[in-house]
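Asks: Got a structure for you, questions after.
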Amino acid sequence: MKRVDDFRLKFGKKEIVPIIVGGMGVDISTAELALETARLGGIGHISDAMVNDVSDRRFDTSFVKDKTRQYKHNILNADKSTVKFDLDILAEATRNHVGSTMEAKKGDGLIFVNCMEKLTMNGPRETLQVRMASAMDAGIDGITLSAGLHLGSFALIAEHPRFRDVKLGIIVSSVRALQLFLRKNARLNRLPDYVIVEGPLAGGHLGFGMDWAEYDLASIIAEVIKYVKDEKLDIPVIAAGGIFTGSDAVSFLETGAAAVQVATRFTVTNECGLPTAVKQDYFTANENDIIVNTISPTGYPMRMLKGSPAIGDGIRPNCESYGYLLDGNGNCAYITAYNRELALHPDGKNISVQDKTCLCTQMRNFKLWTCGHYTYRLKDTTRRNADGTYQTLSAEHIFKDYQFSVDHQIALPTA
Ligand SMILES: Cc1cc2nc3c(=O)[nH]c(=O)nc-3n(C[C@H](O)[C@H](O)[C@H](O)COP(=O)(O)O)c2cc1C
């Protein structure tokens, strides 16, 4: 019976344990989690979502406070078009986060950064360009493009000296999305180094509509692998979404996937950035506590715990401090929804916005508990403490469980 450890992901001469821990913004996939994964020979992700804030927390910078001060005069203004990110600050924050992580890296694995296109930051092209270029400047091993089709993203960094040596990959949820991406980038003569196929059971935003349940990862990945083979493209195809045991992973590796990307099981690790109390909410969740809804202003459905405090909250938009979802013209679907409610309650009190959420603020404050479909199985992956709480796990324990387990067994931590 095969184990994940019988396989390797090959990048040129480098051989990687074919386990990738996916990016989880905002700083849920911390540097510590990514570093552990790399130390164990896999690929860990940090995320550059809300990187100015992450830099403030990790390095005591004051980028968010400074931006709030700069745009204070605009807080009560519904028009957010003038609230822009300073590109030098964005570059510095990215270099802080990426650079210090890369300096601490040990072991044979790699560290990638997850880069979401939907973080349009009131200047989609220039901010994305700065995020990617600064991550490369700071020595990142690879960039995983996500949450968007990224049709122009390679072109934004084509002149960067590391464009052909850094690993570049993209997350897709259909063969069509991959075809579009390849067609758009053909003239750059640079293929992605890997493609992650994310199915409908993943955490975070989904690359499907609300009919997500009609799709399944095995079928989509089979289509992508066939396409890549038919086109004679040498691109490793990686499976993601709902891979909960080592045996789940092996079933994808045996049918042609080059690696798996996993995340949900690592949300309850000591290294994960979620607050301790929230990890317990993940453990105690039952299947009917996990919902997919459309409250994310990105327009993508998102999976989350239905007890997330963000749902129905009516907080005033915080774009002067954050503004990561402003579309380039100062718009965000939450602002529209909030202003509609404000018009109904002009005193500003008791505002509840049901159809959208202020994603930046809520993710920043860990009040939106996005999670994978199988979160309800996390309670079966650990032991309970004497006080009834669940024991959080080390990333090493889970990584090795994926790497070595057979027969769908899940190793519990030592008592
Ligand atoms: C808490 C959480 C946050 C996530 N955030 C992101 C994100 O910011 N960007 C992204 O591309 N994917 C995100 N994902 C998706 C994961 O990177 C990964 O591809 C997917 O969840 C794998 O499926 P699994 O969780 O069933 O193992 C997130 C997943 C979880 C569980």
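Ordering of the structure tokens sets the chain letters (A, B, ...); residue numbers start at 1 within each chain; ligands are numbered from 1 in the order shown.
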Please write out the residues within 9 Å of ligand 1 as a PyMOL selection string, counting only C-alpha atoms and all ligand atoms.

Replies: chain A and resi 20-29+45+47-49+114-116+144-147+171+196-206+239-244+260-267+274+303-304+369-375

Asks: Now that the selection is made, can you save its residues with C-alpha atoms as a PDB file, in the first residue's frame?

Replies:
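This is the output file part.pdb:
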```pdb
ATOM      1  CA  ILE A  20       1.912  21.856  -0.048  1.00  0.00           C
ATOM      2  CA  VAL A  21       0.276  23.793   2.751  1.00  0.00           C
ATOM      3  CA  GLY A  22      -1.924  26.328   0.999  1.00  0.00           C
ATOM      4  CA  GLY A  23      -1.923  30.055   1.584  1.00  0.00           C
ATOM      5  CA  MET A  24      -4.458  31.272   4.134  1.00  0.00           C
ATOM      6  CA  GLY A  25      -4.903  35.000   4.431  1.00  0.00           C
ATOM      7  CA  VAL A  26      -4.855  37.092   6.544  1.00  0.00           C
ATOM      8  CA  ASP A  27      -1.810  35.596   8.233  1.00  0.00           C
ATOM      9  CA  ILE A  28      -3.631  32.353   9.073  1.00  0.00           C
ATOM     10  CA  SER A  29      -0.853  30.572   7.213  1.00  0.00           C
ATOM     11  CA  HIS A  45       2.834  29.327   1.854  1.00  0.00           C
ATOM     12  CA  SER A  47       0.082  35.110   2.172  1.00  0.00           C
ATOM     13  CA  ASP A  48       0.527  38.737   1.185  1.00  0.00           C
ATOM     14  CA  ALA A  49      -3.079  39.602   2.031  1.00  0.00           C
ATOM     15  CA  ASN A 114      -0.098  33.333  -2.091  1.00  0.00           C
ATOM     16  CA  CYS A 115      -1.060  36.349  -4.176  1.00  0.00           C
ATOM     17  CA  MET A 116      -4.777  37.029  -4.690  1.00  0.00           C
ATOM     18  CA  THR A 144       1.049  31.171  -6.292  1.00  0.00           C
ATOM     19  CA  LEU A 145      -1.445  33.322  -8.183  1.00  0.00           C
ATOM     20  CA  SER A 146      -4.960  32.893  -6.804  1.00  0.00           C
ATOM     21  CA  ALA A 147      -8.439  34.396  -6.563  1.00  0.00           C
ATOM     22  CA  ILE A 171      -4.739  28.135  -8.916  1.00  0.00           C
ATOM     23  CA  ILE A 196      -3.037  23.902  -8.593  1.00  0.00           C
ATOM     24  CA  VAL A 197      -6.519  22.599  -9.322  1.00  0.00           C
ATOM     25  CA  GLU A 198      -8.764  23.600  -6.456  1.00  0.00           C
ATOM     26  CA  GLY A 199     -12.047  21.747  -6.155  1.00  0.00           C
ATOM     27  CA  PRO A 200     -15.287  22.852  -4.500  1.00  0.00           C
ATOM     28  CA  LEU A 201     -14.530  21.556  -0.969  1.00  0.00           C
ATOM     29  CA  ALA A 202     -11.681  24.000  -0.293  1.00  0.00           C
ATOM     30  CA  GLY A 203     -11.609  26.793   2.259  1.00  0.00           C
ATOM     31  CA  GLY A 204     -11.553  30.479   1.448  1.00  0.00           C
ATOM     32  CA  HIS A 205     -13.085  31.739  -1.788  1.00  0.00           C
ATOM     33  CA  LEU A 206     -14.337  29.182  -4.281  1.00  0.00           C
ATOM     34  CA  ALA A 239      -4.785  18.665  -6.393  1.00  0.00           C
ATOM     35  CA  ALA A 240      -6.440  20.763  -3.668  1.00  0.00           C
ATOM     36  CA  GLY A 241      -9.679  20.847  -1.728  1.00  0.00           C
ATOM     37  CA  GLY A 242     -11.021  18.226   0.659  1.00  0.00           C
ATOM     38  CA  ILE A 243      -7.898  16.047   0.830  1.00  0.00           C
ATOM     39  CA  PHE A 244      -8.120  15.044   4.467  1.00  0.00           C
ATOM     40  CA  VAL A 260      -1.498  17.863  -3.115  1.00  0.00           C
ATOM     41  CA  GLN A 261      -2.271  21.215  -1.546  1.00  0.00           C
ATOM     42  CA  VAL A 262      -3.956  21.034   1.849  1.00  0.00           C
ATOM     43  CA  ALA A 263      -5.008  23.595   4.419  1.00  0.00           C
ATOM     44  CA  THR A 264      -7.966  22.716   6.647  1.00  0.00           C
ATOM     45  CA  ARG A 265      -6.101  20.239   8.816  1.00  0.00           C
ATOM     46  CA  PHE A 266      -3.446  22.858   9.521  1.00  0.00           C
ATOM     47  CA  THR A 267      -5.969  25.423  10.816  1.00  0.00           C
ATOM     48  CA  LEU A 274      -6.035  31.866  14.145  1.00  0.00           C
ATOM     49  CA  ARG A 303     -17.036  28.856   2.810  1.00  0.00           C
ATOM     50  CA  MET A 304     -17.189  29.719   6.505  1.00  0.00           C
ATOM     51  CA  TRP A 369     -14.012  32.054  10.084  1.00  0.00           C
ATOM     52  CA  THR A 370     -13.445  30.747   6.613  1.00  0.00           C
ATOM     53  CA  CYS A 371     -12.815  27.026   6.547  1.00  0.00           C
ATOM     54  CA  GLY A 372     -12.770  23.944   4.381  1.00  0.00           C
ATOM     55  CA  HIS A 373     -15.732  21.611   3.931  1.00  0.00           C
ATOM     56  CA  TYR A 374     -14.230  18.911   6.159  1.00  0.00           C
ATOM     57  CA  THR A 375     -13.655  21.183   9.139  1.00  0.00           C
TER      58      THR A 375
END
```

Asks: I'd like to know which residues of segment 98-178 of chain A are helix (DSSP H, G or I) (by DSSP, run on the backbone); could you write them as a list in words?

Replies: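 Secondary structure check on segment 98-178 of chain A, helix (DSSP H, G or I): Val98, Gly99, Ser100, Thr101, Met102, Glu103, Pro124, Arg125, Glu126, Thr127, Leu128, Gln129, Val130, Arg131, Met132, Ala133, Ser134, Ala135, Met136, Asp137, Ser153, Phe154, Ala155, Leu156, Ile157, Val175, Arg176, Ala177 and Leu178 of chain A.
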
Asks: Quick check, in Å to one decimal: how far apart do atom CA of Leu378 of chain A and atom CA of Phe283 of chain A lie?

Replies: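 These two atoms are separated by 5.4 Å.
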
Asks: Using only C-alpha atoms for the distances, tell me which of A:Gly207, A:Gly314, A:Pro275, A:Gly256 is nearest to Ser174 of chain A.

Replies: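 For Ser174 of chain A, the nearest of the candidates is A:Gly207.
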
Asks: Taking only C-alpha atoms into account, which of A:Lys13, A:Arg131, A:Arg58, A:Arg8 comes nearest Ala31 of chain A?

Replies: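 The answer is A:Arg58, which sits nearest to Ala31 of chain A.
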